[in-house]
$ cat final12.tsv   # TSV, C-alpha atoms
chain	number	residue	atom	x	y	z
H	1	MET	CA	-64.61	-28.57	26.65
H	2	PRO	CA	-65.76	-25.63	24.47
H	3	ASP	CA	-63.58	-22.55	24.34
H	4	GLY	CA	-64.49	-19.87	26.84
H	5	SER	CA	-66.10	-22.32	29.29
H	6	LEU	CA	-63.23	-22.60	31.76
H	7	GLU	CA	-64.52	-19.89	34.07
H	8	HIS	CA	-67.98	-21.41	34.01
H	9	ALA	CA	-66.55	-24.84	34.80
H	10	ILE	CA	-64.91	-23.65	38.02
H	11	ALA	CA	-67.46	-21.04	39.09
H	12	VAL	CA	-68.93	-21.53	42.56
H	13	ASP	CA	-72.69	-21.78	43.00
H	14	THR	CA	-73.05	-21.21	46.73
H	15	SER	CA	-76.75	-21.95	46.70
H	16	SER	CA	-76.48	-25.50	45.43
H	17	ALA	CA	-72.87	-26.70	45.68
H	18	GLU	CA	-72.08	-29.36	48.22
H	19	PRO	CA	-69.38	-28.65	50.81
H	20	MET	CA	-65.93	-29.41	49.53
H	21	PRO	CA	-64.17	-32.23	51.33
H	22	ASN	CA	-61.32	-31.17	53.54
H	23	VAL	CA	-57.95	-31.52	51.88
H	24	PRO	CA	-54.74	-31.78	53.91
H	25	PRO	CA	-53.10	-28.36	54.03
H	26	ARG	CA	-50.14	-27.90	51.75
H	27	GLU	CA	-46.77	-27.52	53.38
H	28	HIS	CA	-45.70	-24.67	51.11
H	29	PRO	CA	-44.69	-21.42	52.81
H	30	ALA	CA	-46.82	-19.42	50.40
H	31	ARG	CA	-50.45	-18.84	51.34
H	32	PRO	CA	-53.12	-19.48	48.73
H	33	SER	CA	-55.25	-16.70	47.33
H	34	THR	CA	-58.46	-16.88	45.35
H	35	ALA	CA	-58.92	-15.30	41.95
H	36	ALA	CA	-62.23	-13.71	41.12
H	37	GLY	CA	-64.82	-16.29	40.08
H	38	ALA	CA	-62.63	-19.24	41.10
H	39	GLN	CA	-63.24	-21.68	43.91
H	40	PRO	CA	-60.91	-21.41	46.93
H	41	LEU	CA	-58.15	-23.96	47.08
H	42	PRO	CA	-58.92	-27.06	49.14
H	43	GLY	CA	-58.00	-26.82	52.79
H	44	THR	CA	-58.49	-23.06	53.03
H	45	SER	CA	-61.38	-20.89	54.17
H	46	ALA	CA	-62.68	-17.59	52.82
H	47	GLN	CA	-62.12	-15.97	56.23
H	48	SER	CA	-58.45	-17.01	56.39
H	49	GLN	CA	-57.87	-15.81	52.82
H	50	ARG	CA	-59.41	-12.42	53.65
H	51	LYS	CA	-56.96	-12.12	56.53
H	52	HIS	CA	-54.09	-12.94	54.19
H	53	ARG	CA	-55.15	-10.16	51.82
H	54	GLU	CA	-55.29	-7.49	54.55
H	55	PRO	CA	-51.80	-5.96	54.85
H	56	ALA	CA	-50.50	-5.01	58.28
H	57	ALA	CA	-49.48	-1.44	59.00
H	58	SER	CA	-45.92	-0.58	57.97
H	59	ARG	CA	-43.38	-0.50	60.80
H	60	PHE	CA	-40.52	1.04	58.84
H	61	GLY	CA	-40.90	4.43	60.54
H	62	THR	CA	-41.21	3.14	64.10
H	63	GLY	CA	-38.57	3.63	66.80
H	64	GLU	CA	-37.71	-0.07	66.68
H	65	PHE	CA	-36.76	0.09	63.01
H	66	LYS	CA	-34.81	3.31	63.50
H	67	VAL	CA	-32.60	1.40	65.93
H	68	TYR	CA	-32.13	-1.27	63.25
H	69	TYR	CA	-31.13	1.40	60.72
H	70	LEU	CA	-28.57	2.84	63.14
H	71	VAL	CA	-27.05	-0.57	63.84
H	72	TYR	CA	-26.89	-1.36	60.12
H	73	LEU	CA	-25.28	1.96	59.17
H	74	THR	CA	-22.58	1.57	61.81
H	75	MET	CA	-21.88	-2.18	61.99
H	76	VAL	CA	-21.86	-3.10	58.29
H	77	PRO	CA	-19.18	-0.53	57.32
H	78	TYR	CA	-17.17	-1.55	60.39
H	79	MET	CA	-17.40	-5.22	59.35
H	80	ALA	CA	-16.27	-4.35	55.81
H	81	TYR	CA	-13.33	-2.32	57.16
H	82	THR	CA	-12.32	-5.17	59.48
H	83	MET	CA	-12.26	-7.70	56.62
H	84	TRP	CA	-10.34	-5.25	54.43
H	85	GLN	CA	-7.70	-4.91	57.14
H	86	ALA	CA	-7.56	-8.67	57.72
H	87	SER	CA	-6.81	-9.14	53.99
H	88	SER	CA	-4.20	-6.40	53.84
H	89	PRO	CA	-0.86	-7.23	52.19
H	90	GLU	CA	0.78	-5.55	55.18
H	91	ARG	CA	-0.37	-8.32	57.53
H	92	ALA	CA	2.21	-10.98	58.39
H	93	ALA	CA	-0.16	-13.78	57.39
H	94	TYR	CA	-0.42	-12.43	53.82
H	95	ALA	CA	2.73	-14.27	52.75
H	96	GLU	CA	1.15	-17.61	53.68
H	97	TYR	CA	-1.71	-17.39	51.19
H	98	SER	CA	-0.58	-14.82	48.61
H	99	HIS	CA	0.29	-17.61	46.14
H	100	GLU	CA	-3.47	-18.31	45.84
H	101	LEU	CA	-4.22	-14.79	44.62
H	102	SER	CA	-4.37	-13.69	40.98
H	103	PRO	CA	-3.63	-10.35	39.33
H	104	GLY	CA	-6.54	-7.96	39.81
H	105	TRP	CA	-7.92	-4.86	38.13
H	106	LEU	CA	-9.56	-2.95	41.01
H	107	LEU	CA	-8.18	-0.88	43.89
H	108	GLY	CA	-4.60	-1.82	43.03
H	109	ARG	CA	-5.08	-5.18	44.75
H	110	LYS	CA	-5.00	-8.82	43.69
H	111	ILE	CA	-8.15	-10.90	43.38
H	112	ASP	CA	-9.03	-14.09	45.27
H	113	LEU	CA	-10.01	-16.71	42.68
H	114	SER	CA	-9.01	-19.70	44.79
H	115	ASP	CA	-12.62	-20.93	44.90
H	116	GLY	CA	-12.66	-23.40	42.03
H	117	GLN	CA	-16.39	-23.21	41.35
H	118	TRP	CA	-16.50	-19.41	41.02
H	119	SER	CA	-13.17	-19.29	39.18
H	120	THR	CA	-14.43	-21.70	36.52
H	121	PHE	CA	-17.73	-19.87	36.18
H	122	ARG	CA	-15.94	-16.52	35.85
H	123	GLU	CA	-13.50	-17.89	33.30
H	124	HIS	CA	-16.28	-19.27	31.09
H	125	LEU	CA	-18.74	-16.43	31.67
H	126	PRO	CA	-18.61	-15.20	28.02
H	127	ALA	CA	-19.39	-18.73	26.79
H	128	PHE	CA	-22.25	-19.08	29.28
H	129	ALA	CA	-23.66	-15.69	28.25
H	130	LEU	CA	-23.52	-16.71	24.57
H	131	ALA	CA	-25.27	-20.00	25.40
H	132	MET	CA	-28.06	-18.14	27.21
H	133	PHE	CA	-28.54	-15.67	24.35
H	134	ALA	CA	-28.72	-18.61	21.94
H	135	PHE	CA	-31.24	-20.35	24.19
H	136	VAL	CA	-33.51	-17.29	24.36
H	137	ALA	CA	-33.38	-16.70	20.61
H	138	LEU	CA	-33.93	-20.33	19.60
H	139	ASN	CA	-36.59	-20.81	22.26
H	140	ARG	CA	-38.57	-17.87	20.86
H	141	VAL	CA	-38.48	-19.46	17.43
H	142	ALA	CA	-39.59	-22.80	18.89
H	143	GLN	CA	-42.47	-21.19	20.80
H	144	ALA	CA	-43.63	-19.41	17.66
H	145	CYS	CA	-43.79	-22.76	15.86
H	146	LEU	CA	-45.45	-24.65	18.72
H	147	ARG	CA	-48.63	-22.95	19.92
H	148	PRO	CA	-50.61	-25.67	21.69
H	149	GLY	CA	-54.29	-25.46	22.48
H	150	LEU	CA	-55.87	-26.42	25.77
H	151	ALA	CA	-55.35	-30.14	25.15
H	152	GLY	CA	-51.63	-29.56	24.81
H	153	GLN	CA	-51.49	-27.96	28.24
H	154	ARG	CA	-52.58	-31.06	30.18
H	155	GLY	CA	-49.61	-33.33	29.48
H	156	ALA	CA	-46.08	-32.94	28.19
H	157	LEU	CA	-45.96	-29.23	27.30
H	158	ARG	CA	-44.93	-28.56	23.73
H	159	GLN	CA	-43.34	-25.35	24.98
H	160	LEU	CA	-40.80	-27.50	26.82
H	161	TRP	CA	-39.80	-29.83	23.98
H	162	PHE	CA	-37.03	-27.53	22.82
H	163	THR	CA	-36.12	-26.64	26.41
H	164	GLY	CA	-35.61	-30.29	27.32
H	165	ALA	CA	-33.43	-30.97	24.27
H	166	TYR	CA	-31.35	-27.81	24.80
H	167	ALA	CA	-31.01	-28.66	28.50
H	168	LEU	CA	-29.60	-32.08	27.65
H	169	ALA	CA	-27.06	-30.56	25.27
H	170	PHE	CA	-26.20	-27.90	27.86
H	171	VAL	CA	-25.53	-30.49	30.58
H	172	VAL	CA	-23.41	-32.55	28.16
H	173	VAL	CA	-21.24	-29.52	27.38
H	174	LEU	CA	-20.89	-28.68	31.07
H	175	SER	CA	-20.35	-32.17	32.49
H	176	GLY	CA	-19.20	-34.29	29.57
H	177	ALA	CA	-19.56	-38.00	30.19
H	178	SER	CA	-20.80	-37.26	33.73
H	179	VAL	CA	-24.18	-36.46	32.18
H	180	VAL	CA	-24.98	-40.13	32.78
H	181	PHE	CA	-24.78	-39.51	36.54
H	182	VAL	CA	-26.92	-36.38	36.39
H	183	ALA	CA	-29.55	-38.03	34.19
H	184	GLY	CA	-29.40	-41.25	36.19
H	185	PHE	CA	-30.03	-39.54	39.50
H	186	ALA	CA	-32.80	-37.48	37.91
H	187	TRP	CA	-34.50	-40.60	36.54
H	188	GLY	CA	-34.17	-42.37	39.90
H	189	ASN	CA	-35.86	-39.46	41.67
H	190	TYR	CA	-38.64	-39.36	39.06
H	191	ALA	CA	-39.30	-43.09	39.41
H	192	LEU	CA	-39.35	-42.78	43.21
H	193	ALA	CA	-41.80	-39.87	43.06
H	194	ARG	CA	-44.15	-41.64	40.69
H	195	ALA	CA	-44.12	-44.77	42.83
H	196	CYS	CA	-44.43	-43.19	46.29
H	197	ALA	CA	-46.13	-39.80	45.99
H	198	GLY	CA	-49.31	-39.53	48.02
H	199	ARG	CA	-48.24	-41.95	50.74
H	200	ARG	CA	-47.77	-40.64	54.26
H	201	TRP	CA	-44.10	-41.62	54.44
H	202	ALA	CA	-43.23	-40.37	50.94
H	203	PRO	CA	-41.61	-37.03	51.99
H	204	ALA	CA	-39.15	-38.90	54.21
H	205	ALA	CA	-38.24	-41.17	51.27
H	206	PHE	CA	-37.74	-38.18	48.96
H	207	TRP	CA	-35.46	-36.43	51.45
H	208	ALA	CA	-33.51	-39.62	52.15
H	209	TYR	CA	-32.88	-40.14	48.43
H	210	GLY	CA	-31.78	-36.53	47.95
H	211	LEU	CA	-29.43	-36.49	50.92
H	212	ALA	CA	-27.98	-39.87	49.94
H	213	MET	CA	-27.15	-38.45	46.50
H	214	LEU	CA	-25.37	-35.45	48.00
H	215	PHE	CA	-23.34	-37.52	50.47
H	216	ALA	CA	-22.38	-40.04	47.79
H	217	ASN	CA	-21.34	-37.27	45.41
H	218	GLU	CA	-19.17	-35.70	48.10
H	219	HIS	CA	-17.61	-39.00	49.17
H	220	TYR	CA	-16.71	-40.13	45.65
H	221	HIS	CA	-15.85	-36.61	44.33
H	222	GLY	CA	-18.25	-36.87	41.42
H	223	TYR	CA	-17.30	-40.52	40.62
H	224	ARG	CA	-14.68	-41.88	38.26
H	225	PHE	CA	-15.48	-44.26	35.42
H	226	GLY	CA	-12.09	-45.91	35.87
H	227	ASP	CA	-13.08	-47.01	39.38
H	228	MET	CA	-16.12	-48.78	37.94
H	229	SER	CA	-14.39	-50.52	35.05
H	230	ALA	CA	-10.97	-50.27	33.44
H	231	SER	CA	-12.66	-50.31	30.01
H	232	LEU	CA	-14.49	-47.06	30.88
H	233	GLU	CA	-11.46	-45.16	32.12
H	234	TRP	CA	-11.19	-43.19	28.87
H	235	LEU	CA	-14.44	-41.41	29.76
H	236	ASP	CA	-12.71	-39.70	32.70
H	237	ALA	CA	-10.82	-37.54	30.20
H	238	TRP	CA	-14.13	-36.07	28.95
H	239	ARG	CA	-15.50	-34.10	31.86
H	240	GLY	CA	-16.80	-30.98	30.10
H	241	LEU	CA	-16.34	-27.35	31.10
H	242	LEU	CA	-17.20	-28.05	34.76
H	243	PRO	CA	-15.58	-31.34	35.75
H	244	ARG	CA	-16.90	-31.06	39.33
H	245	TRP	CA	-20.57	-31.28	38.35
H	246	ASP	CA	-21.33	-32.50	41.85
H	247	VAL	CA	-20.49	-29.11	43.37
H	248	THR	CA	-23.58	-27.45	41.89
H	249	PHE	CA	-25.75	-30.56	42.10
H	250	ASN	CA	-27.31	-29.41	45.38
H	251	LEU	CA	-29.50	-26.98	43.41
H	252	THR	CA	-30.53	-29.80	41.08
H	253	MET	CA	-31.40	-31.93	44.08
H	254	LEU	CA	-33.69	-29.19	45.44
H	255	ARG	CA	-35.54	-29.03	42.12
H	256	MET	CA	-35.94	-32.81	42.17
H	257	LEU	CA	-37.33	-32.57	45.68
H	258	SER	CA	-39.76	-29.82	44.63
H	259	PHE	CA	-41.14	-32.00	41.84
H	260	SER	CA	-41.57	-34.95	44.18
H	261	MET	CA	-43.34	-32.91	46.86
H	262	ASP	CA	-45.62	-31.13	44.38
H	263	LEU	CA	-46.68	-34.49	42.94
H	264	HIS	CA	-47.16	-35.80	46.48
H	265	TRP	CA	-49.45	-32.90	47.43
H	266	ARG	CA	-51.33	-33.24	44.14
H	267	ARG	CA	-52.20	-36.85	44.93
H	268	GLN	CA	-53.25	-35.95	48.46
H	269	GLN	CA	-55.68	-33.40	47.04
H	270	GLU	CA	-56.98	-35.94	44.55
H	271	ARG	CA	-57.87	-38.34	47.35
H	272	ALA	CA	-59.77	-35.69	49.27
H	273	ALA	CA	-61.46	-33.75	46.46
H	274	GLY	CA	-61.18	-35.87	43.33
H	275	ALA	CA	-58.94	-35.55	40.30
H	276	ASP	CA	-61.55	-33.65	38.28
H	277	ARG	CA	-61.87	-30.93	40.91
H	278	VAL	CA	-58.09	-30.49	41.19
H	279	ASP	CA	-57.80	-30.32	37.39
H	280	ALA	CA	-60.58	-27.73	37.32
H	281	LEU	CA	-58.59	-25.58	39.71
H	282	ALA	CA	-55.49	-26.03	37.54
H	283	ALA	CA	-57.49	-24.70	34.58
H	284	GLY	CA	-58.63	-21.66	36.51
H	285	GLY	CA	-56.92	-19.02	34.37
H	286	ALA	CA	-54.02	-16.73	35.14
H	287	ASP	CA	-52.61	-17.27	38.61
H	288	PRO	CA	-51.09	-14.73	41.00
H	289	GLU	CA	-47.53	-15.53	41.98
H	290	ARG	CA	-48.37	-17.09	45.34
H	291	GLN	CA	-51.20	-19.15	43.87
H	292	ARG	CA	-48.90	-20.57	41.18
H	293	VAL	CA	-46.81	-22.08	43.96
H	294	GLU	CA	-49.82	-23.49	45.82
H	295	ARG	CA	-52.06	-24.68	43.01
H	296	ALA	CA	-51.40	-28.15	41.61
H	297	ALA	CA	-50.72	-28.64	37.91
H	298	PHE	CA	-52.70	-31.00	35.69
H	299	ALA	CA	-52.06	-34.67	36.44
H	300	GLY	CA	-50.48	-35.14	33.01
H	301	ASN	CA	-48.03	-32.28	33.60
H	302	TYR	CA	-46.06	-34.46	36.04
H	303	CYS	CA	-44.37	-36.36	33.21
H	304	PHE	CA	-40.69	-36.96	32.63
H	305	GLY	CA	-40.41	-34.51	29.73
H	306	ASN	CA	-41.64	-31.57	31.82
H	307	TYR	CA	-39.64	-32.83	34.80
H	308	TRP	CA	-36.34	-32.95	32.90
H	309	ALA	CA	-36.87	-29.51	31.36
H	310	TYR	CA	-37.50	-28.18	34.88
H	311	VAL	CA	-34.58	-29.93	36.58
H	312	ALA	CA	-32.02	-28.91	33.94
H	313	TYR	CA	-33.58	-25.60	32.83
H	314	PRO	CA	-30.47	-23.89	31.35
H	315	PRO	CA	-30.86	-20.31	32.72
H	316	LEU	CA	-31.26	-21.60	36.28
H	317	TYR	CA	-29.21	-24.79	36.19
H	318	LEU	CA	-25.93	-23.53	37.63
H	319	THR	CA	-26.85	-20.73	40.01
H	320	GLY	CA	-30.60	-20.83	40.56
H	321	PRO	CA	-32.82	-19.49	41.92
H	322	VAL	CA	-34.89	-22.58	42.65
H	323	ILE	CA	-38.60	-22.22	41.91
H	324	THR	CA	-41.20	-24.93	42.51
H	325	PHE	CA	-42.28	-27.31	39.78
H	326	ASN	CA	-45.88	-26.09	39.96
H	327	ASP	CA	-44.73	-22.50	39.52
H	328	PHE	CA	-42.46	-23.44	36.61
H	329	VAL	CA	-45.23	-25.30	34.73
H	330	ALA	CA	-47.78	-22.54	35.39
H	331	GLN	CA	-45.42	-19.94	33.96
H	332	LYS	CA	-44.74	-22.09	30.91
H	333	ARG	CA	-48.45	-22.62	30.29
H	334	GLN	CA	-49.20	-18.90	30.62
H	335	PRO	CA	-45.97	-16.90	30.19
H	336	ALA	CA	-45.91	-13.46	31.74
H	337	ARG	CA	-45.35	-10.46	29.51
H	338	VAL	CA	-42.20	-8.59	30.52
H	339	GLY	CA	-41.58	-5.13	29.09
H	340	GLY	CA	-38.29	-3.81	27.79
H	341	ARG	CA	-37.91	-1.50	30.77
H	342	ALA	CA	-38.13	-4.42	33.20
H	343	VAL	CA	-35.55	-6.37	31.20
H	344	ALA	CA	-33.22	-3.37	31.17
H	345	ALA	CA	-33.63	-2.90	34.93
H	346	TYR	CA	-32.85	-6.57	35.52
H	347	GLY	CA	-29.78	-6.32	33.31
H	348	ALA	CA	-28.57	-3.31	35.29
H	349	ARG	CA	-29.07	-5.23	38.54
H	350	LEU	CA	-27.12	-8.17	37.15
H	351	ALA	CA	-24.24	-5.92	36.10
H	352	ALA	CA	-24.23	-4.26	39.53
H	353	ALA	CA	-24.20	-7.65	41.25
H	354	MET	CA	-21.25	-8.84	39.14
H	355	LEU	CA	-19.34	-5.63	39.87
H	356	LEU	CA	-20.05	-5.99	43.59
H	357	MET	CA	-18.76	-9.58	43.47
H	358	GLU	CA	-15.56	-8.40	41.84
H	359	LEU	CA	-15.19	-5.69	44.48
H	360	VAL	CA	-15.61	-8.23	47.28
H	361	LEU	CA	-13.05	-10.61	45.75
H	362	HIS	CA	-10.54	-7.77	45.49
H	363	SER	CA	-11.18	-6.65	49.07
H	364	VAL	CA	-11.65	-9.82	51.12
H	365	TYR	CA	-9.45	-12.87	50.60
H	366	SER	CA	-11.60	-15.17	52.72
H	367	VAL	CA	-11.22	-18.32	50.59
H	368	ALA	CA	-7.42	-18.12	50.35
H	369	ILE	CA	-7.11	-17.26	54.06
H	370	CYS	CA	-9.32	-20.18	55.08
H	371	LYS	CA	-7.18	-22.53	53.01
H	372	TRP	CA	-3.68	-21.49	54.08
H	373	ALA	CA	-3.46	-18.89	56.82
H	374	GLN	CA	-2.67	-19.58	60.48
H	375	TRP	CA	-5.69	-18.58	62.55
H	376	ASP	CA	-3.65	-17.37	65.51
H	377	ALA	CA	-2.70	-14.34	63.39
H	378	PHE	CA	-6.31	-13.10	63.42
H	379	SER	CA	-8.65	-11.89	66.14
H	380	VAL	CA	-11.85	-13.74	67.04
H	381	PHE	CA	-13.93	-11.05	65.33
H	382	GLU	CA	-11.85	-11.32	62.15
H	383	ILE	CA	-12.14	-15.10	62.14
H	384	SER	CA	-15.92	-14.92	62.49
H	385	LEU	CA	-16.24	-12.46	59.62
H	386	LEU	CA	-13.86	-14.39	57.34
H	387	GLY	CA	-15.74	-17.60	58.12
H	388	TYR	CA	-19.04	-15.92	57.31
H	389	MET	CA	-17.72	-14.64	53.99
H	390	ARG	CA	-16.31	-18.07	53.18
H	391	LEU	CA	-19.72	-19.66	53.68
H	392	THR	CA	-21.54	-17.07	51.63
$ encode --input "final12.tsv" --output "structure tokens"
Amino acid sequence: MPDGSLEHAIAVDTSSAEPMPNVPPREHPARPSTAAGAQPLPGTSAQSQRKHREPAASRFGTGEFKVYYLVYLTMVPYMAYTMWQASSPERAAYAEYSHELSPGWLLGRKIDLSDGQWSTFREHLPAFALAMFAFVALNRVAQACLRPGLAGQRGALRQLWFTGAYALAFVVVLSGASVVFVAGFAWGNYALARACAGRRWAPAAFWAYGLAMLFANEHYHGYRFGDMSASLEWLDAWRGLLPRWDVTFNLTMLRMLSFSMDLHWRRQQERAAGADRVDALAAGGADPERQRVERAAFAGNYCFGNYWAYVAYPPLYLTGPVITFNDFVAQKRQPARVGGRAVAAYGARLAAAMLLMELVLHSVYSVAICKWAQWDAFSVFEISLLGYMRLT
């Protein structure tokens, strides 16, 4: 296709175009929008999209919301004070769990690092930060060397070659020999998606596979090579920086599920509208955020190379957030330009979030209390708040 003809290829001629076949609605929470000059996504109408673009009147200044503000300004500080008192060293129950606490640096109190996952992450935070800086720097060099044309956007993205290789090395450092379990589960999900996507019962199969992985990981505590074969027992000594890889695997499972469902919806659209029409929509230029989630990628983008780079994407691998596969590929095809001010603001938010986390861990000993304390020493309200903090 000649350069500059993309917009012409997807333009809508309302005087001669035949009606578009109905396509099953996507099950994404985001609602599709239509860029100027582009055809609406299958399964939507111009009237419904106009309604989506019309914002409702703000209710922030109404009496209802003023009641919410009052409740928030009174209850949240009271909840924080209650949890502070429940974690006080002056309480009789403190002696039962104080051995789980570590020396702190805020408020003259100790810090609760009895959660193994957070404790390990906090301990290795400088190494993780260095790894992310290295990834950003090397990835910029790789992107400068690999500038694909349109043809390179329809299959395995060259932009993700380095990402996939770095992701593999990153998972090896984190999980050691357990990388075989992570990669094995990822390959199994990919094979299942390629074989079943588009069938009516496919979503149930994807969910069943994902939940089976999580339950198996929990039951076998991340698996031991020695239990499989005595000759492999030596591999149990090489577990990487995060031996319990299965603890954070739930986020990986959600990314696997997103890939499977996006491929499933892509094939449903192909059956109703044809592969060429869906690919034309994928080539429709820069997408708004909500449309990136809704719009299918090119058929060739659903390959294992792109899939692995998405599933193990280093900056999001441990803590998320989870974005959809379609959104990930769209952003890699057409990266957004982020100014220095936005980066600085995000860095300030990250620093504030880390400081807030430290403040919470110095103030509320929910993990240690839930592990060791006797519940009859706390009120029902205190138990509910400590349980809530433990879950969050």
$ closest_residue --input "final12.tsv" --among "H:Val360, H:Leu232, H:Leu211, H:Ala202" --to "H:Gln268" --atoms "only C-alpha atoms"
H:Ala202
$ atom_distance --input "final12.tsv" --atom1 "atom CA of H:Arg239" --atom2 "atom CA of H:Leu174"
7.7 Å
$ closest_residue --input "final12.tsv" --among "H:Thr392, H:Asn250, H:Gln374, H:Thr62" --to "H:Ala95" --atoms "all atoms listed in the file"
H:Gln374
$ atom_distance --input "final12.tsv" --atom1 "atom CA of H:Arg154" --atom2 "atom CA of H:Asn301"
5.8 Å
$ atom_distance --input "final12.tsv" --atom1 "atom CA of H:Ala345" --atom2 "atom CA of H:Phe121"
23.3 Å
$ closest_residue --input "final12.tsv" --among "H:Ser119, H:Thr252, H:Gln159, H:Gln291" --to "H:Ala312" --atoms "all atoms listed in the file"
H:Thr252
$ closest_residue --input "final12.tsv" --among "H:Leu107, H:Leu146, H:Ala93, H:Ala296" --to "H:Ala368" --atoms "all atoms listed in the file"
H:Ala93
$ closest_residue --input "final12.tsv" --among "H:Lys110, H:Ser88, H:Ser258, H:Pro314" --to "H:Asn326" --atoms "all atoms listed in the file"
H:Ser258
$ residues_around --input "final12.tsv" --residues "H:Val180" --least-positions-apart "6" --cutoff "12 Å" --atoms "only C-alpha atoms" --output "PDB file with C-alpha atoms, in the frame of the given file"
ATOM      1  CA  LEU H 168     -29.600 -32.080  27.650  1.00  0.00           C
ATOM      2  CA  VAL H 171     -25.530 -30.490  30.580  1.00  0.00           C
ATOM      3  CA  VAL H 172     -23.410 -32.550  28.160  1.00  0.00           C
ATOM      4  CA  ALA H 186     -32.800 -37.480  37.910  1.00  0.00           C
ATOM      5  CA  TRP H 187     -34.500 -40.600  36.540  1.00  0.00           C
ATOM      6  CA  GLY H 188     -34.170 -42.370  39.900  1.00  0.00           C
ATOM      7  CA  GLY H 222     -18.250 -36.870  41.420  1.00  0.00           C
ATOM      8  CA  TYR H 223     -17.300 -40.520  40.620  1.00  0.00           C
ATOM      9  CA  ARG H 224     -14.680 -41.880  38.260  1.00  0.00           C
ATOM     10  CA  PHE H 225     -15.480 -44.260  35.420  1.00  0.00           C
ATOM     11  CA  LEU H 235     -14.440 -41.410  29.760  1.00  0.00           C
ATOM     12  CA  ARG H 239     -15.500 -34.100  31.860  1.00  0.00           C
ATOM     13  CA  TRP H 245     -20.570 -31.280  38.350  1.00  0.00           C
TER      14      TRP H 245
END
$ residues_around --input "final12.tsv" --residues "stretch 261-265 of chain H" --least-positions-apart "5" --cutoff "7 Å" --atoms "all atoms listed in the file" --output "number ranges by chain"
H: 26, 197-198, 203, 302, 325-326
$ residues_near_point --input "final12.tsv" --point "(-41.0, -25.5, 28.0)" --cutoff "8 Å" --atoms "all atoms listed in the file" --output "VMD selection string"
chain H and resid 157 to 164 306 309 329 332
$ residues_around --input "final12.tsv" --residues "H:Val322" --least-positions-apart "5" --cutoff "9 Å" --atoms "only C-alpha atoms" --output "count of residues only"
7
$ closest_residue --input "final12.tsv" --among "H:Ser229, H:Ser114, H:Thr319, H:Thr120" --to "H:His99" --atoms "all atoms listed in the file"
H:Ser114
$ axis_aligned_box --input "final12.tsv" --around "stretch 335-342 of chain H" --padding-each-side "4 Å" --output "lines of an AutoDock Vina configuration file"
center_x = -41.9
center_y = -9.2
center_z = 30.5
size_x = 16.1
size_y = 23.4
size_z = 13.4
$ decode --input "final12.tsv" --residues "stretch 164-194 of chain H" --atoms "C-alpha atoms" --output "mmCIF file, in the first residue's frame"
data_model
loop_
_atom_site.group_PDB
_atom_site.id
_atom_site.type_symbol
_atom_site.label_atom_id
_atom_site.label_comp_id
_atom_site.auth_asym_id
_atom_site.auth_seq_id
_atom_site.Cartn_x
_atom_site.Cartn_y
_atom_site.Cartn_z
ATOM 1 C CA GLY H 164 11.530 -9.812 24.800
ATOM 2 C CA ALA H 165 15.215 -10.671 25.265
ATOM 3 C CA TYR H 166 15.607 -8.318 28.243
ATOM 4 C CA ALA H 167 12.385 -9.694 29.747
ATOM 5 C CA LEU H 168 13.750 -13.239 29.580
ATOM 6 C CA ALA H 169 16.971 -12.190 31.298
ATOM 7 C CA PHE H 170 14.975 -10.237 33.885
ATOM 8 C CA VAL H 171 12.792 -13.238 34.754
ATOM 9 C CA VAL H 172 15.873 -15.479 34.990
ATOM 10 C CA VAL H 173 17.492 -13.100 37.485
ATOM 11 C CA LEU H 174 14.283 -12.863 39.515
ATOM 12 C CA SER H 175 13.222 -16.520 39.475
ATOM 13 C CA GLY H 176 16.357 -18.489 38.653
ATOM 14 C CA ALA H 177 15.641 -21.994 37.447
ATOM 15 C CA SER H 178 11.907 -21.400 38.016
ATOM 16 C CA VAL H 179 11.900 -19.500 34.727
ATOM 17 C CA VAL H 180 11.021 -22.841 33.140
ATOM 18 C CA PHE H 181 7.691 -22.794 35.004
ATOM 19 C CA VAL H 182 6.929 -19.191 34.054
ATOM 20 C CA ALA H 183 7.832 -19.747 30.402
ATOM 21 C CA GLY H 184 6.076 -23.114 30.338
ATOM 22 C CA PHE H 185 2.800 -21.733 31.637
ATOM 23 C CA ALA H 186 3.091 -18.801 29.240
ATOM 24 C CA TRP H 187 3.621 -21.116 26.266
ATOM 25 C CA GLY H 188 0.707 -23.320 27.346
ATOM 26 C CA ASN H 189 -1.609 -20.313 27.489
ATOM 27 C CA TYR H 190 -0.401 -19.108 24.078
ATOM 28 C CA ALA H 191 -0.998 -22.515 22.498
ATOM 29 C CA LEU H 192 -4.465 -22.697 24.057
ATOM 30 C CA ALA H 193 -5.354 -19.221 22.785
ATOM 31 C CA ARG H 194 -4.185 -19.943 19.256
#
